[in-house]
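Structure file target_39.cif (mmCIF, C-alpha atoms) follows.
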```
data_run
loop_
_atom_site.label_atom_id
_atom_site.label_comp_id
_atom_site.auth_asym_id
_atom_site.auth_seq_id
_atom_site.Cartn_x
_atom_site.Cartn_y
_atom_site.Cartn_z
CA ARG A 1 0.00 0.00 0.00
CA VAL A 2 2.75 2.48 0.97
CA GLY A 3 4.82 1.50 -2.08
CA ALA A 4 1.85 2.03 -4.41
CA ASP A 5 1.21 5.45 -2.86
CA LYS A 6 4.85 6.39 -3.40
CA VAL A 7 4.61 5.32 -7.04
CA ARG A 8 1.42 7.38 -7.49
CA LEU A 9 3.02 10.34 -5.73
CA ALA A 10 6.05 10.08 -8.03
CA ALA A 11 3.69 9.96 -11.04
CA VAL A 12 1.81 13.02 -9.81
CA HIS A 13 5.13 14.77 -9.20
CA ALA A 14 6.22 13.93 -12.79
CA GLN A 15 2.89 15.23 -14.13
CA GLY A 16 3.42 18.42 -12.14
CA GLN A 17 6.88 18.84 -13.63
CA ASN A 18 5.47 18.23 -17.12
CA LEU A 19 2.80 20.84 -16.45
CA ALA A 20 5.42 23.33 -15.25
CA SER A 21 7.44 22.61 -18.38
CA SER A 22 4.32 23.16 -20.54
CA ILE A 23 3.66 26.47 -18.81
CA SER A 24 7.26 27.53 -19.34
CA ARG A 25 7.09 26.61 -23.04
CA LEU A 26 3.82 28.52 -23.36
CA ASP A 27 5.45 31.60 -21.78
CA VAL A 28 8.34 31.35 -24.25
CA ASP A 29 5.90 30.92 -27.16
CA ILE A 30 3.85 33.93 -26.05
CA LYS A 31 6.98 36.07 -25.76
CA ALA A 32 8.16 34.98 -29.22
CA GLU A 33 4.73 35.72 -30.72
CA LYS A 34 4.71 39.18 -29.13
CA GLU A 35 8.18 39.91 -30.48
CA ALA A 36 7.18 38.67 -33.95
CA ARG A 37 4.03 40.81 -33.86
CA ALA A 38 6.05 43.87 -32.81
CA ALA A 39 8.47 43.27 -35.69
CA LYS A 40 5.57 42.80 -38.11
CA ASP A 41 3.85 45.97 -36.89
CA ALA A 42 7.10 47.90 -37.21
CA ALA A 43 7.56 46.63 -40.77
CA VAL A 44 4.01 47.64 -41.70
CA MET A 45 4.46 51.07 -40.13
CA ASN A 46 7.79 51.52 -41.94
CA ALA A 47 6.15 50.57 -45.24
CA VAL A 48 3.29 53.03 -44.64
CA ARG A 49 5.77 55.71 -43.55
CA SER A 50 7.91 55.09 -46.63
CA SER A 51 4.85 55.30 -48.89
CA SER A 52 3.77 58.49 -47.14
CA GLU A 53 7.22 60.01 -47.55
CA SER A 54 7.23 59.02 -51.21
CA LEU A 55 3.79 60.55 -51.65
CA PHE A 56 4.92 63.74 -49.90
CA GLY A 57 7.96 63.86 -52.22
CA ASP A 58 5.67 63.39 -55.22
CA ILE A 59 3.38 66.16 -54.00
CA THR A 60 6.31 68.51 -53.44
CA ARG A 61 7.77 67.66 -56.84
CA LEU A 62 4.41 68.14 -58.54
CA GLN A 63 3.85 71.44 -56.76
CA SER A 64 7.28 72.62 -57.90
CA GLU A 65 6.55 71.51 -61.45
CA VAL A 66 3.23 73.34 -61.41
CA LYS A 67 4.91 76.54 -60.13
CA VAL A 68 7.56 76.36 -62.85
CA GLU A 69 4.88 75.68 -65.42
CA GLU A 70 2.87 78.70 -64.24
CA LYS A 71 5.90 80.99 -64.37
CA THR A 72 7.17 79.85 -67.74
CA ARG A 73 3.91 79.24 -69.58
CA VAL A 74 1.43 81.78 -68.36
CA SER A 75 -0.15 81.88 -71.80
CA GLU A 76 -0.97 78.16 -71.69
CA ASP A 77 -3.57 78.27 -68.87
CA GLU A 78 -5.56 75.36 -70.24
CA LYS A 79 -2.53 73.08 -70.36
CA GLU A 80 -1.66 73.95 -66.76
CA ARG A 81 -5.20 73.24 -65.61
CA VAL A 82 -5.06 69.78 -67.17
CA ALA A 83 -1.68 69.11 -65.52
CA ARG A 84 -3.00 70.16 -62.11
CA GLU A 85 -6.09 67.98 -62.51
CA ALA A 86 -3.88 65.03 -63.42
CA ALA A 87 -1.62 65.70 -60.43
CA ASP A 88 -4.63 65.99 -58.12
CA HIS A 89 -6.01 62.73 -59.49
CA HIS A 90 -2.62 61.03 -59.00
CA MET A 91 -2.37 62.30 -55.41
CA SER A 92 -5.96 61.26 -54.68
CA THR A 93 -5.25 57.78 -56.03
CA ASP A 94 -2.08 57.51 -53.92
CA ILE A 95 -3.91 58.67 -50.80
CA SER A 96 -6.71 56.15 -51.38
CA ARG A 97 -4.15 53.38 -51.92
CA LEU A 98 -2.34 54.28 -48.66
CA GLN A 99 -5.63 54.39 -46.75
CA THR A 100 -6.58 50.97 -48.12
CA GLN A 101 -3.17 49.54 -47.17
CA ALA A 102 -3.38 50.97 -43.67
CA LYS A 103 -6.93 49.63 -43.19
CA ALA A 104 -5.91 46.18 -44.45
CA ALA A 105 -2.89 46.14 -42.13
CA GLU A 106 -5.05 47.15 -39.18
CA GLU A 107 -7.64 44.46 -39.98
CA ALA A 108 -4.89 41.85 -40.34
CA ARG A 109 -3.39 42.84 -36.97
CA PHE A 110 -6.85 42.64 -35.36
CA ALA A 111 -7.49 39.19 -36.85
CA ASP A 112 -4.04 38.02 -35.73
CA ASP A 113 -4.71 39.36 -32.22
CA GLN A 114 -8.06 37.54 -32.10
CA ALA A 115 -6.49 34.27 -33.26
CA GLU A 116 -3.65 34.64 -30.76
CA ALA A 117 -6.09 35.31 -27.93
CA ALA A 118 -8.17 32.26 -28.87
CA THR A 119 -5.04 30.08 -28.96
CA HIS A 120 -3.93 31.35 -25.55
CA ARG A 121 -7.41 30.80 -24.08
CA ALA A 122 -7.44 27.24 -25.37
CA SER A 123 -3.95 26.59 -23.96
CA LEU A 124 -4.93 28.06 -20.61
CA ASP A 125 -8.15 26.01 -20.57
CA LYS A 126 -6.14 22.85 -21.27
CA LEU A 127 -3.65 23.70 -18.52
CA GLY A 128 -6.55 24.39 -16.13
CA LEU A 129 -8.02 20.98 -16.91
CA GLU A 130 -4.65 19.32 -16.31
CA ILE A 131 -4.30 21.14 -12.99
CA SER A 132 -7.82 20.01 -11.98
CA GLN A 133 -6.92 16.45 -12.86
CA LEU A 134 -3.74 16.69 -10.77
CA HIS A 135 -5.72 18.08 -7.83
CA ALA A 136 -8.17 15.20 -8.15
CA THR A 137 -5.31 12.66 -8.24
CA VAL A 138 -3.64 14.24 -5.22
CA ALA A 139 -6.97 14.27 -3.34
CA ALA A 140 -7.49 10.61 -4.20
CA LEU A 141 -4.04 9.78 -2.87
CA GLN A 142 -4.73 11.51 0.43
#
```

Using structure tokens, write down the structure that the file contains.
Amino acid sequence: RVGADKVRLAAVHAQGQNLASSISRLDVDIKAEKEARAAKDAAVMNAVRSSSESLFGDITRLQSEVKVEEKTRVSEDEKERVAREAADHHMSTDISRLQTQAKAAEEARFADDQAEAATHRASLDKLGLEISQLHATVAALQ
């Protein structure tokens, strides 16, 4: 009887160590996922920033071109109007594209966050069940 209890106690102890190891691995996985998400978010923000800077450069360049055009070709008002409309259309298209990219990135981050939360909840539920089972085994041994 005493020997069997010692064997059961050793088994429970091993299960406890396995559970602690699982918790430790989960902590490491969570940390790695957070770091990966931070890197991904930084990459998305850098891409959006780069696109914004490019767009700003395009706007500045186009504004300069329009000013030069106005100074050198005052007599060609119609041509300048067409150029400005084209530049405005180009800028509007770029702005819409950037807004779409930013919205898609935000939606992707939200979906990733939801999936990560669901995974963590499932892992925690599983660990909770294992802990309950260990408590029941320990109670049975006492």

| query | For the atom pair atom CA of A:Glu53 and atom CA of A:Val82, what is the interatomic distance in Å to one decimal place? | reply |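 Interatomic distance, atom CA of A:Glu53 to atom CA of A:Val82: 25.1 Å.
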
| Residues selected by the PyMOL selection byres ((chain A and resi 12) around 12), written as a ChimeraX atom specification | /A:5-11,13-19,130-131,133-141

| task | Record the distance separating atom CA of A:Arg25 and atom CA of A:Ser132, expressed in Å with one decimal. | result |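 Interatomic distance, atom CA of A:Arg25 to atom CA of A:Ser132: 19.7 Å.
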
8 Å per side around stretch 113-118 of chain A: axis-aligned box centre and edge lengths, as JSON:
```
{"center_x": -5.9, "center_y": 35.8, "center_z": -30.6, "size_x": 20.5, "size_y": 23.1, "size_z": 21.3}
```

| task | Name every residue that the PyMOL selection byres ((chain A and resi 52) around 12) selects in this structure, writing the answer as a list in words with chains first and numbers rising. | result |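 Applied to this file, the PyMOL selection byres ((chain A and resi 52) around 12) returns Met45, Asn46, Ala47, Val48, Arg49, Ser50, Ser51, Glu53, Ser54, Leu55, Phe56, Gly57, Asp58, Ile59, Met91, Asp94, Ile95, Ser96, Arg97, Leu98, Gln99, Gln101 and Ala102 of chain A.
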
| Suppose you want the space between atom CA of A:Val44 and atom CA of A:Asp27; what is it in Å? |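 That distance, rounded to one decimal, is 25.6 Å.
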
| field | Output check: residues returned by the PyMOL selection byres ((chain A and resi 85-88) around 12), as a list in words | value |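 For this structure, the PyMOL selection byres ((chain A and resi 85-88) around 12) resolves to Leu55, Asp58, Ile59, Thr60, Arg61, Leu62, Gln63, Ser64, Glu65, Val66, Glu78, Lys79, Glu80, Arg81, Val82, Ala83, Arg84, His89, His90, Met91, Ser92, Thr93, Asp94 and Ile95 of chain A.
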